[in-house]
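What follows is model07.cif (mmCIF, C-alpha atoms).
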data_data
loop_
_atom_site.label_atom_id
_atom_site.label_comp_id
_atom_site.auth_asym_id
_atom_site.auth_seq_id
_atom_site.Cartn_x
_atom_site.Cartn_y
_atom_site.Cartn_z
CA MET U 1 11.37 50.26 24.27
CA LYS U 2 11.75 50.99 20.57
CA ARG U 3 13.32 47.55 20.01
CA LEU U 4 10.50 45.92 21.95
CA SER U 5 7.92 47.70 19.77
CA ILE U 6 9.65 46.50 16.62
CA LEU U 7 9.71 42.91 17.91
CA LEU U 8 6.04 43.18 18.81
CA LEU U 9 5.17 44.41 15.33
CA LEU U 10 7.20 41.62 13.72
CA THR U 11 5.48 39.05 15.93
CA ILE U 12 2.06 40.38 14.97
CA ALA U 13 3.01 40.48 11.29
CA PHE U 14 4.32 36.90 11.46
CA GLY U 15 1.11 35.77 13.15
CA LEU U 16 -1.02 37.43 10.52
CA GLY U 17 1.12 35.85 7.80
CA VAL U 18 0.65 32.38 9.29
CA GLN U 19 -3.11 32.96 9.55
CA ALA U 20 -3.21 34.09 5.92
CA GLN U 21 -1.24 31.00 4.86
CA VAL U 22 -3.63 28.74 6.79
CA ALA U 23 -6.58 30.52 5.20
CA ARG U 24 -5.07 30.00 1.74
CA SER U 25 -4.43 26.32 2.38
CA ALA U 26 -8.04 25.85 3.51
CA SER U 27 -9.52 28.02 0.78
CA PRO U 28 -12.36 26.48 -1.25
CA SER U 29 -10.42 27.52 -4.36
CA ASP U 30 -8.05 24.65 -3.60
CA ALA U 31 -10.92 22.17 -3.85
CA ARG U 32 -11.61 20.45 -7.14
CA GLN U 33 -14.80 18.86 -8.36
CA VAL U 34 -14.27 15.37 -9.73
CA SER U 35 -16.66 12.64 -10.79
CA PHE U 36 -16.78 8.89 -10.18
CA ILE U 37 -18.92 6.27 -11.88
CA SER U 38 -20.01 2.82 -10.75
CA PHE U 39 -21.27 0.58 -13.52
CA ASN U 40 -22.35 -3.05 -13.75
CA ILE U 41 -21.28 -3.56 -17.34
CA ARG U 42 -23.07 -6.95 -17.79
CA TYR U 43 -20.79 -9.83 -18.72
CA ASN U 44 -20.29 -10.89 -22.32
CA SER U 45 -22.11 -14.23 -22.45
CA TRP U 46 -20.53 -16.91 -24.61
CA ASN U 47 -23.92 -18.05 -25.94
CA ASN U 48 -25.34 -14.54 -26.55
CA ILE U 49 -28.21 -14.96 -24.13
CA ASP U 50 -28.82 -11.20 -24.30
CA GLY U 51 -29.55 -11.17 -28.03
CA VAL U 52 -29.80 -7.62 -29.33
CA ASN U 53 -28.54 -6.37 -25.96
CA GLY U 54 -25.37 -8.45 -26.17
CA TRP U 55 -21.97 -6.90 -25.55
CA PRO U 56 -21.00 -6.56 -29.25
CA ASN U 57 -23.99 -4.25 -29.74
CA ARG U 58 -23.36 -2.24 -26.56
CA ARG U 59 -19.62 -1.84 -26.34
CA ALA U 60 -19.25 1.27 -28.52
CA ALA U 61 -22.00 2.97 -26.49
CA VAL U 62 -20.16 2.13 -23.25
CA VAL U 63 -17.02 3.82 -24.56
CA ARG U 64 -19.09 6.80 -25.66
CA MET U 65 -20.60 7.13 -22.18
CA ILE U 66 -17.21 7.07 -20.48
CA ASN U 67 -15.71 9.58 -22.92
CA GLU U 68 -18.68 11.92 -22.56
CA GLU U 69 -18.64 11.83 -18.75
CA ARG U 70 -14.86 11.60 -18.38
CA PRO U 71 -14.84 10.44 -14.74
CA ALA U 72 -11.68 10.50 -12.66
CA ALA U 73 -12.34 6.80 -12.03
CA ILE U 74 -14.97 4.24 -12.92
CA GLY U 75 -15.60 0.99 -11.06
CA LEU U 76 -16.90 -1.83 -13.23
CA GLN U 77 -18.68 -4.96 -12.13
CA GLU U 78 -19.06 -8.22 -14.12
CA ALA U 79 -16.42 -7.30 -16.70
CA LEU U 80 -14.68 -10.24 -18.38
CA ILE U 81 -11.17 -10.06 -19.81
CA ASP U 82 -12.30 -9.72 -23.44
CA GLN U 83 -14.45 -6.73 -22.48
CA LEU U 84 -11.57 -5.16 -20.57
CA LEU U 85 -9.19 -5.62 -23.49
CA TYR U 86 -11.68 -3.83 -25.73
CA LEU U 87 -11.94 -0.96 -23.23
CA ASP U 88 -8.14 -0.87 -22.87
CA SER U 89 -7.86 -0.28 -26.59
CA ASN U 90 -10.59 2.34 -26.74
CA LEU U 91 -9.88 4.32 -23.56
CA PRO U 92 -6.23 5.32 -24.08
CA GLY U 93 -6.24 7.90 -21.28
CA TYR U 94 -7.22 5.32 -18.68
CA ARG U 95 -5.42 2.52 -16.85
CA ARG U 96 -7.00 -0.22 -14.77
CA VAL U 97 -6.44 -2.28 -11.66
CA GLY U 98 -8.14 -5.46 -10.49
CA VAL U 99 -7.94 -9.20 -11.16
CA GLY U 100 -10.34 -11.95 -12.19
CA ARG U 101 -12.31 -13.40 -9.31
CA ASP U 102 -11.95 -17.05 -10.36
CA ASP U 103 -8.15 -17.34 -10.22
CA GLY U 104 -6.74 -13.98 -9.14
CA LYS U 105 -5.46 -13.44 -12.66
CA LYS U 106 -7.63 -13.28 -15.79
CA GLY U 107 -10.33 -15.81 -15.01
CA GLY U 108 -13.91 -14.79 -14.33
CA GLU U 109 -15.45 -11.42 -13.63
CA PHE U 110 -13.31 -8.44 -12.66
CA MET U 111 -14.18 -5.69 -10.20
CA ALA U 112 -11.97 -3.43 -12.30
CA ILE U 113 -11.25 0.21 -11.56
CA TYR U 114 -10.28 2.39 -14.50
CA TYR U 115 -8.68 5.72 -13.64
CA ASP U 116 -7.81 8.76 -15.74
CA THR U 117 -4.03 9.10 -15.50
CA LEU U 118 -4.19 12.85 -16.09
CA GLN U 119 -6.47 13.30 -13.09
CA LEU U 120 -5.28 10.64 -10.67
CA GLY U 121 -2.08 8.92 -9.65
CA LEU U 122 -2.11 5.37 -8.28
CA LEU U 123 -0.31 4.72 -5.01
CA SER U 124 -1.34 1.10 -4.43
CA SER U 125 -4.08 -1.41 -5.17
CA GLU U 126 -5.27 -4.86 -4.16
CA THR U 127 -8.13 -7.27 -4.71
CA PHE U 128 -9.57 -9.35 -1.88
CA TRP U 129 -12.25 -12.02 -1.83
CA LEU U 130 -15.44 -11.59 0.15
CA SER U 131 -15.05 -14.81 2.07
CA GLU U 132 -13.53 -16.30 5.19
CA THR U 133 -10.21 -16.49 3.28
CA PRO U 134 -10.01 -13.08 1.61
CA LYS U 135 -6.46 -13.38 0.30
CA GLU U 136 -7.18 -16.29 -2.04
CA PRO U 137 -9.85 -17.13 -4.64
CA SER U 138 -12.74 -18.45 -2.59
CA LYS U 139 -16.49 -18.40 -2.11
CA GLY U 140 -17.84 -17.02 1.15
CA TRP U 141 -20.72 -18.09 3.39
CA ASP U 142 -23.91 -18.75 1.38
CA ALA U 143 -22.77 -16.92 -1.77
CA ALA U 144 -23.71 -18.27 -5.16
CA CYS U 145 -20.46 -16.98 -6.73
CA TYR U 146 -16.96 -15.90 -5.93
CA ARG U 147 -17.18 -12.24 -4.92
CA THR U 148 -14.37 -9.72 -4.69
CA ALA U 149 -13.59 -6.11 -3.93
CA THR U 150 -10.84 -4.06 -5.55
CA ALA U 151 -9.30 -1.33 -3.41
CA ALA U 152 -7.17 1.45 -4.88
CA TYR U 153 -5.28 4.20 -3.08
CA PHE U 154 -5.10 7.31 -5.28
CA PHE U 155 -3.90 10.87 -5.13
CA ASP U 156 -5.49 13.71 -7.05
CA ARG U 157 -2.86 15.27 -9.32
CA GLN U 158 -4.21 18.80 -8.91
CA THR U 159 -4.93 18.99 -5.18
CA HIS U 160 -2.55 16.18 -4.10
CA ARG U 161 -5.25 14.88 -1.77
CA GLU U 162 -5.15 11.13 -1.19
CA PHE U 163 -8.18 8.85 -0.96
CA TYR U 164 -9.32 5.25 -1.08
CA TYR U 165 -11.74 3.83 -3.63
CA ILE U 166 -13.22 0.35 -3.21
CA ASN U 167 -15.28 -1.21 -5.99
CA THR U 168 -17.36 -4.32 -5.27
CA HIS U 169 -20.27 -6.55 -6.26
CA LEU U 170 -22.12 -8.21 -3.39
CA ASP U 171 -23.73 -11.57 -3.92
CA HIS U 172 -27.16 -11.72 -5.54
CA VAL U 173 -28.34 -14.81 -3.62
CA GLY U 174 -26.69 -15.18 -0.23
CA LYS U 175 -28.06 -12.85 2.45
CA THR U 176 -25.34 -13.82 4.88
CA ALA U 177 -22.73 -13.35 2.15
CA ARG U 178 -23.94 -9.80 1.52
CA ALA U 179 -23.89 -8.93 5.20
CA GLU U 180 -20.51 -10.50 5.88
CA GLY U 181 -19.10 -9.07 2.66
CA ALA U 182 -20.09 -5.56 3.74
CA LYS U 183 -18.46 -6.16 7.14
CA LEU U 184 -15.27 -7.33 5.45
CA ILE U 185 -15.16 -4.21 3.27
CA ALA U 186 -15.76 -2.02 6.32
CA SER U 187 -12.94 -3.81 8.16
CA PHE U 188 -10.56 -2.56 5.46
CA PHE U 189 -10.85 0.81 7.22
CA THR U 190 -10.27 -0.52 10.74
CA PRO U 191 -8.44 -0.33 12.96
CA SER U 192 -5.62 1.46 11.18
CA MET U 193 -7.81 3.90 9.29
CA SER U 194 -10.75 4.41 11.61
CA ALA U 195 -9.19 7.43 13.32
CA LEU U 196 -7.75 8.97 10.17
CA THR U 197 -9.32 11.60 7.96
CA VAL U 198 -8.35 10.06 4.63
CA PRO U 199 -11.37 10.39 2.30
CA ALA U 200 -12.93 7.12 1.21
CA ILE U 201 -15.33 5.94 -1.49
CA VAL U 202 -17.06 2.57 -1.69
CA GLY U 203 -19.22 1.86 -4.71
CA GLY U 204 -20.76 -0.97 -6.63
CA ASP U 205 -23.68 -3.24 -7.32
CA MET U 206 -24.75 -4.08 -3.78
CA ASN U 207 -27.78 -6.22 -4.70
CA SER U 208 -29.51 -4.47 -1.79
CA THR U 209 -31.74 -1.45 -1.37
CA ILE U 210 -30.34 1.41 0.66
CA ASN U 211 -32.39 0.64 3.79
CA ASP U 212 -30.88 -2.85 4.12
CA THR U 213 -29.29 -3.46 7.51
CA ILE U 214 -26.09 -4.76 5.88
CA PHE U 215 -24.99 -1.15 5.41
CA GLU U 216 -24.75 -0.56 9.15
CA ALA U 217 -21.20 -1.90 8.81
CA PHE U 218 -20.39 1.04 6.52
CA TYR U 219 -22.00 3.57 8.85
CA HIS U 220 -19.79 2.35 11.71
CA VAL U 221 -16.65 3.47 9.82
CA GLY U 222 -18.11 6.82 8.81
CA LEU U 223 -19.33 5.93 5.32
CA LYS U 224 -22.64 7.52 4.30
CA PRO U 225 -24.80 7.02 1.19
CA ALA U 226 -23.73 9.62 -1.38
CA ARG U 227 -27.20 9.71 -2.91
CA GLU U 228 -28.56 11.13 0.34
CA LEU U 229 -25.89 13.81 0.81
CA THR U 230 -26.97 16.27 -1.86
CA PRO U 231 -30.31 17.79 -2.91
CA ASN U 232 -29.13 17.49 -6.53
CA THR U 233 -29.70 13.76 -6.66
CA SER U 234 -31.45 10.85 -8.35
CA HIS U 235 -33.44 7.99 -6.84
CA LYS U 236 -34.17 6.36 -10.19
CA ASN U 237 -34.00 2.57 -10.29
CA THR U 238 -30.59 1.36 -11.44
CA TYR U 239 -31.29 -2.26 -12.35
CA THR U 240 -33.43 -2.51 -15.49
CA GLY U 241 -32.96 -6.07 -16.73
CA PHE U 242 -32.94 -4.58 -20.25
CA GLY U 243 -36.55 -3.57 -19.64
CA LYS U 244 -37.67 -7.16 -19.07
CA ASP U 245 -37.33 -7.58 -15.30
CA LYS U 246 -38.73 -5.67 -12.36
CA PRO U 247 -36.52 -2.58 -11.86
CA SER U 248 -34.81 -1.89 -8.55
CA LEU U 249 -32.37 0.55 -6.95
CA ILE U 250 -29.40 -1.57 -5.90
CA ASP U 251 -26.30 0.34 -7.08
CA HIS U 252 -24.78 2.71 -4.54
CA PHE U 253 -21.89 4.93 -3.57
CA PHE U 254 -20.87 5.45 0.07
CA VAL U 255 -18.42 8.19 1.01
CA ARG U 256 -16.65 9.88 3.88
CA GLY U 257 -14.45 12.95 3.99
CA VAL U 258 -15.81 14.46 0.77
CA HIS U 259 -18.57 16.88 -0.20
CA VAL U 260 -21.08 15.47 -2.67
CA GLU U 261 -22.13 18.08 -5.23
CA GLN U 262 -24.33 15.94 -7.47
CA PHE U 263 -25.59 12.38 -7.82
CA ARG U 264 -26.90 11.14 -11.17
CA THR U 265 -28.34 8.01 -12.73
CA LEU U 266 -26.95 7.92 -16.27
CA ASP U 267 -30.00 6.92 -18.25
CA GLY U 268 -29.27 9.08 -21.30
CA ASP U 269 -29.01 8.11 -24.94
CA TYR U 270 -25.54 6.81 -25.77
CA GLY U 271 -26.58 5.23 -29.05
CA VAL U 272 -28.42 2.08 -27.95
CA PRO U 273 -31.57 1.53 -25.86
CA TYR U 274 -29.54 0.00 -23.00
CA ILE U 275 -25.78 0.09 -22.46
CA SER U 276 -26.23 -2.64 -19.81
CA ASP U 277 -28.92 -4.23 -17.66
CA HIS U 278 -27.91 -1.60 -15.06
CA TYR U 279 -27.74 2.15 -15.45
CA PRO U 280 -24.40 3.60 -14.37
CA ILE U 281 -24.45 5.92 -11.36
CA GLU U 282 -22.24 8.99 -11.16
CA MET U 283 -21.37 11.31 -8.31
CA SER U 284 -19.51 14.60 -8.47
CA ILE U 285 -17.59 15.42 -5.31
CA GLN U 286 -15.15 17.87 -3.78
CA PHE U 287 -12.36 16.65 -1.51
#

Have the structure of the file written as structure tokens, please.
Amino acid sequence: MKRLSILLLLTIAFGLGVQAQVARSASPSDARQVSFISFNIRYNSWNNIDGVNGWPNRRAAVVRMINEERPAAIGLQEALIDQLLYLDSNLPGYRRVGVGRDDGKKGGEFMAIYYDTLQLGLLSSETFWLSETPKEPSKGWDAACYRTATAAYFFDRQTHREFYYINTHLDHVGKTARAEGAKLIASFFTPSMSALTVPAIVGGDMNSTINDTIFEAFYHVGLKPARELTPNTSHKNTYTGFGKDKPSLIDHFFVRGVHVEQFRTLDGDYGVPYISDHYPIEMSIQF
């Protein structure tokens, strides 16, 4: 009887220990708040069509913005290789993934993802074209341009949680191209990932307002608009056209498996009136 009592006590103690360990592993203290930025950087035009708003006058302000915000990762749209080389030299704590959309190397605009190597580790990455032949440089459907998406698989160095981040730029002309491009991005998560709980982030210049039906493809794989998931948010227009065009809200983040703490439109003063013809958007999340 005495031996049985001792075994019973040990069993109870073991059970309580397991419960305590589970509670510690699920504790909010293990969560970490990190930020992500999506930013259409505006390409550096060879004939300086942007005048005073040209890249040479904006580039130092772009670096200042990134250094002030210090995101875990930032997805850029429209970046050309000369712009990326400048950022490479001025953002020493960051590395990038992504290729040029024209040739899969250095030609044309990049959907580059820069990541802070102290915050994140890279597990894998790839770029695919938003077209009927996504593995090779190609134009899809009624698109005006080659369009791509860069997908990166990261782990957070502090929490060791893994997640996917896809950065893209949907076509500005082709309605079918936008819809089919969104479906292609969503298919990245199916079928192999649809039943998994791996957190995912999709961000970029979508050239569409948030109520557009193209985003139903994202909803079907569990992605929801980050802007709508927190009361601490911004619905400010993101496209400005350097103050010359009609503004619109066309830059978005979609997420699943994360808690959105804050969503911001970065319209602050970084040293020039406009750091691009788009404001960057930033979300702070917990895994």

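We find atom CA of U:Phe263 and atom CA of U:Asn167 to be spaced 17.2 Å apart.
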
### Query
Can you tell me, as a list in words, what residues are no more than 8 Å from U:Ile74 when counting only C-alpha atoms, ignoring any on the same chain fewer than 5 positions away?
Phe36, Ile37, Ser38, Phe39, Ile113, Tyr114 and Tyr115 of chain U

#### Entry: Long-range neighbours of stretch 100-110 of chain U as a PyMOL selection string, 10 Å cut-off, all atoms listed in the file, 3 positions minimum in chain
chain U and resi 42-44+75-82+84+97+113+127-129+135-139+145-150+168-169

#### Entry: Residue contacts of U:Arg256 (12 Å, all atoms listed in the file) excluding same-chain residues fewer than 6 positions away, as an NGL selection string
:U and (163-165 or 189 or 193-194 or 196-202 or 218-226 or 229 or 285-287)

### Task
Could you expand the PyMOL selection byres ((chain U and resi 280) around 9) into the explicit residues it covers here, written as a ChimeraX atom specification?
/U:37-41,238,251,264-267,275-276,278-279,281-282

How would the residues just chosen look if you wrote them out with C-alpha atoms as a PDB file, keeping the file's coordinate frame?
ATOM      1  CA  ILE U  37     -18.920   6.270 -11.880  1.00  0.00           C
ATOM      2  CA  SER U  38     -20.010   2.820 -10.750  1.00  0.00           C
ATOM      3  CA  PHE U  39     -21.270   0.580 -13.520  1.00  0.00           C
ATOM      4  CA  ASN U  40     -22.350  -3.050 -13.750  1.00  0.00           C
ATOM      5  CA  ILE U  41     -21.280  -3.560 -17.340  1.00  0.00           C
ATOM      6  CA  THR U 238     -30.590   1.360 -11.440  1.00  0.00           C
ATOM      7  CA  ASP U 251     -26.300   0.340  -7.080  1.00  0.00           C
ATOM      8  CA  ARG U 264     -26.900  11.140 -11.170  1.00  0.00           C
ATOM      9  CA  THR U 265     -28.340   8.010 -12.730  1.00  0.00           C
ATOM     10  CA  LEU U 266     -26.950   7.920 -16.270  1.00  0.00           C
ATOM     11  CA  ASP U 267     -30.000   6.920 -18.250  1.00  0.00           C
ATOM     12  CA  ILE U 275     -25.780   0.090 -22.460  1.00  0.00           C
ATOM     13  CA  SER U 276     -26.230  -2.640 -19.810  1.00  0.00           C
ATOM     14  CA  HIS U 278     -27.910  -1.600 -15.060  1.00  0.00           C
ATOM     15  CA  TYR U 279     -27.740   2.150 -15.450  1.00  0.00           C
ATOM     16  CA  ILE U 281     -24.450   5.920 -11.360  1.00  0.00           C
ATOM     17  CA  GLU U 282     -22.240   8.990 -11.160  1.00  0.00           C
TER      18      GLU U 282
END

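For the structure shown here, the set of residues caught by the PyMOL selection byres ((chain U and resi 58) around 10) is U:Ile41, U:Arg42, U:Val52, U:Asn53, U:Gly54, U:Trp55, U:Pro56, U:Asn57, U:Arg59, U:Ala60, U:Ala61, U:Val62, U:Val63, U:Tyr270, U:Gly271, U:Val272, U:Pro273, U:Tyr274, U:Ile275, U:Ser276.
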
### Task
Fewer than 6 positions away in the same chain doesn't count, so skip those; otherwise give me all residues within 9 Å of U:Arg157, counting all atoms listed in the file, as JSON, numbers by chain.
{"U": [117, 118, 119, 120, 121]}

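Closest to U:Asp245 among U:Ile66, U:Met111, U:Trp141, U:Asp277 is U:Asp277, based on only C-alpha atoms.
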
What residues come out when you apply the PyMOL selection byres ((chain U and resi 232) around 7) to this file, written as a PDB file with C-alpha atoms, in the coordinates of the input?
ATOM      1  CA  THR U 230     -26.970  16.270  -1.860  1.00  0.00           C
ATOM      2  CA  PRO U 231     -30.310  17.790  -2.910  1.00  0.00           C
ATOM      3  CA  THR U 233     -29.700  13.760  -6.660  1.00  0.00           C
ATOM      4  CA  GLN U 262     -24.330  15.940  -7.470  1.00  0.00           C
ATOM      5  CA  PHE U 263     -25.590  12.380  -7.820  1.00  0.00           C
TER       6      PHE U 263
END

### Message
Can you measure atom CA of U:Gly51 to atom CA of U:Gly203 for me? One decimal in Å is fine.
### Response
28.6 Å

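For the choices U:Phe242, U:Phe215, U:Tyr153, U:Phe253, the atom-to-atom distance to U:Gly181 is smallest for U:Phe215 when using all atoms listed in the file.
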
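In terms of minimum interatomic distance to U:Glu132, U:Ala177 ranks closest within U:Ala177, U:Met65, U:Thr209, U:Gly257, counting only C-alpha atoms.
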
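Put simply, atom CA of U:Arg96 is 16.6 Å away from atom CA of U:Ser35.
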
### Message
Need to verify the contact set: U:Glu126, 7 Å, all atoms listed in the file, exclusion of same-chain residues closer than 6 positions in sequence. Can you return it as a PyMOL selection string?
### Response
chain U and resi 98+150-152

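Using all atoms listed in the file, the shortest contact distance between U:Val260 and any of U:Ile214, U:Leu85, U:Val34, U:Ala112 is found at U:Val34.
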
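With distances restricted to only C-alpha atoms, U:Asp116 is the closest residue to U:Tyr94 from U:His160, U:Ala73, U:Ala179, U:Asp116.
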
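Using all atoms listed in the file for every distance, the candidate list U:Glu180, U:Glu261, U:Asp269, U:Asp142 yields U:Glu261 as the residue closest to U:Arg227.
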